[in-house]
Amino acid sequence: MAAAWRVLAILLPLAWARARARLAGDAGGWQTGDVPEEQRCTVLRTDGSMSPALFLQRFAFSRPVILRGVTDNSAFRALCTRQKLLAAFGERLVRLSTANTYSYRKVDVPFQEYVEQLLKPQDPEALGSDTLYFFGDNNFTEWGSLFQHYVPPPFRIPGTSGAYSFGIAGSGSGVPFHWHGPGYSEVIFGRKRWFLYPPDKTPHFHPNETTLAWLQHTYPTLPPEERPLECTIRPGEVLYFPDRWWHATLNLDTSVFISTFLG
């Protein structure tokens, strides 16, 4: 078994490099953006050669990690292009949430209306309560035909089960700081920048300020020791975040993404 893991440790990084080059040039018909990435990723990246036992020992209960090449979601990705999703779900209602910490307001609109009229880059002056995006409130009966093609990350935490949360959001959109149980986040198209703090380090933020506004106004004032862990994930990468870790997200492009919440 140990020899097999050593072989995987050699082969998987090579396969991942080829896959990343292939995925980078395909936006699936979704709009690319110009929101900047971080200067330096401070979240550990590792490949899929890690054993389940090592994941539990090093990350499951202690710190975030970005996993590369742990799943093959090419079939799911092929169904998530703009054209394919509009053809399959255009007339169905989706529930939009406000982009503030507590997501108080919900609005139901046809998926086609959301994609063609509301899926726009974030207005940096808009409040979170005035910004609507599609994430999380999925009807599993209606979206089941899509979700059955998704391959979740293989690492599990004993005593938990996974629940999917699918979303599509415009460049510059995101969710301000909040926390909940552990989970995974995978980008299918686009790029998503993450900001994370451990449970005992509450970030400086206003719950009705968008992540983009926080990045422009608050982030530059933070001394180095008060800055969050941060990194941008791309297609083919999965971010794991432990229980009760504070996190905020920022979509750098129009992004298609799916989370697996462990509860």
# chains A, B, ... in the order shown; residues from 1 in each chain; ligands from 1
$ residues_around --residues "region 122-124 of chain A" --least-positions-apart "2" --cutoff "8 Å" --atoms "only C-alpha atoms" --output "list in words"
Lys120, Ala126, Thr131, Gly170, Ser171, Gly172, Ser173, Thr210, Leu212 and Ala213 of chain A
$ select_by_dssp --residues "region 145-222 of chain A" --states "helix (DSSP H, G or I)" --output "list in words"
Ser145, Leu146, Phe147, Thr211, Leu212, Ala213, Trp214, Leu215, Gln216, His217, Tyr219, Pro220 and Thr221 of chain A
$ residues_around --residues "Trp179 (chain A)" --least-positions-apart "3" --cutoff "6 Å" --atoms "only C-alpha atoms" --output "list in words"
Arg244, Trp245 and Trp246 of chain A
$ write_last_selection --atoms "N, CA, C and O atoms" --output "PDB file, in the first residue's frame"
ATOM      1  N   ARG A 244     -16.262  25.700  11.884  1.00  0.00           N
ATOM      2  CA  ARG A 244     -16.287  27.007  12.545  1.00  0.00           C
ATOM      3  C   ARG A 244     -15.188  27.974  12.085  1.00  0.00           C
ATOM      4  O   ARG A 244     -14.971  29.005  12.724  1.00  0.00           O
ATOM      5  N   TRP A 245     -14.530  27.679  10.994  1.00  0.00           N
ATOM      6  CA  TRP A 245     -13.563  28.637  10.461  1.00  0.00           C
ATOM      7  C   TRP A 245     -14.307  29.772   9.757  1.00  0.00           C
ATOM      8  O   TRP A 245     -15.190  29.543   8.927  1.00  0.00           O
ATOM      9  N   TRP A 246     -13.963  31.013  10.117  1.00  0.00           N
ATOM     10  CA  TRP A 246     -14.496  32.172   9.413  1.00  0.00           C
ATOM     11  C   TRP A 246     -14.013  32.146   7.959  1.00  0.00           C
ATOM     12  O   TRP A 246     -12.844  31.840   7.692  1.00  0.00           O
TER      13      TRP A 246
END
$ residues_around --residues "His217 (chain A)" --least-positions-apart "6" --cutoff "12 Å" --atoms "only C-alpha atoms" --output "PyMOL selection string"
chain A and resi 124-125+204-206+209-211
$ write_last_selection --atoms "N, CA, C and O atoms" --output "CSV table (one decimal), in the first residue's frame"
chain,number,residue,atom,x,y,z
A,124,PRO,N,-19.3,47.9,-6.9
A,124,PRO,CA,-18.5,48.0,-5.6
A,124,PRO,C,-19.2,48.9,-4.6
A,124,PRO,O,-18.9,48.9,-3.4
A,125,GLU,N,-20.2,49.8,-5.1
A,125,GLU,CA,-20.8,50.7,-4.1
A,125,GLU,C,-22.1,50.0,-3.5
A,125,GLU,O,-22.7,50.6,-2.6
A,204,HIS,N,-12.3,41.6,11.0
A,204,HIS,CA,-12.9,43.0,11.0
A,204,HIS,C,-13.8,43.1,9.8
A,204,HIS,O,-13.2,43.1,8.6
A,205,PHE,N,-15.1,43.2,9.9
A,205,PHE,CA,-16.0,43.3,8.7
A,205,PHE,C,-17.3,43.8,9.2
A,205,PHE,O,-17.7,43.7,10.4
A,206,HIS,N,-18.1,44.3,8.2
A,206,HIS,CA,-19.5,44.7,8.5
A,206,HIS,C,-20.4,43.7,7.7
A,206,HIS,O,-20.1,43.4,6.6
A,209,GLU,N,-21.6,44.6,4.3
A,209,GLU,CA,-20.6,45.1,3.3
A,209,GLU,C,-20.2,43.9,2.4
A,209,GLU,O,-19.9,42.8,2.9
A,210,THR,N,-20.2,44.1,1.1
A,210,THR,CA,-19.8,43.0,0.2
A,210,THR,C,-18.3,42.7,0.4
A,210,THR,O,-17.5,43.5,0.9
A,211,THR,N,-17.9,41.5,0.0
A,211,THR,CA,-16.5,41.1,0.1
A,211,THR,C,-15.6,42.0,-0.8
A,211,THR,O,-14.5,42.3,-0.4
$ closest_residue --among "A:Phe140, A:Tyr104, A:Tyr197, A:Tyr164" --to "Glu230 (chain A)" --atoms "only C-alpha atoms"
A:Tyr197
$ residues_around --residues "Pro235 (chain A)" --least-positions-apart "6" --cutoff "6 Å" --atoms "only C-alpha atoms" --output "compact mmCIF listing (two decimals) with N, CA, C and O atoms, in the first residue's frame"
# COMPACT_ATOMS: atom_id res chain seq x y z
N VAL A 187 -14.57 24.82 -7.68
CA VAL A 187 -14.93 25.69 -8.79
C VAL A 187 -14.98 24.85 -10.07
O VAL A 187 -14.03 24.13 -10.39
N ILE A 188 -16.08 24.96 -10.81
CA ILE A 188 -16.24 24.22 -12.06
C ILE A 188 -15.80 25.08 -13.24
O ILE A 188 -15.10 24.62 -14.14
N PHE A 189 -16.22 26.33 -13.24
CA PHE A 189 -15.74 27.34 -14.19
C PHE A 189 -15.42 28.60 -13.40
O PHE A 189 -16.07 28.91 -12.40
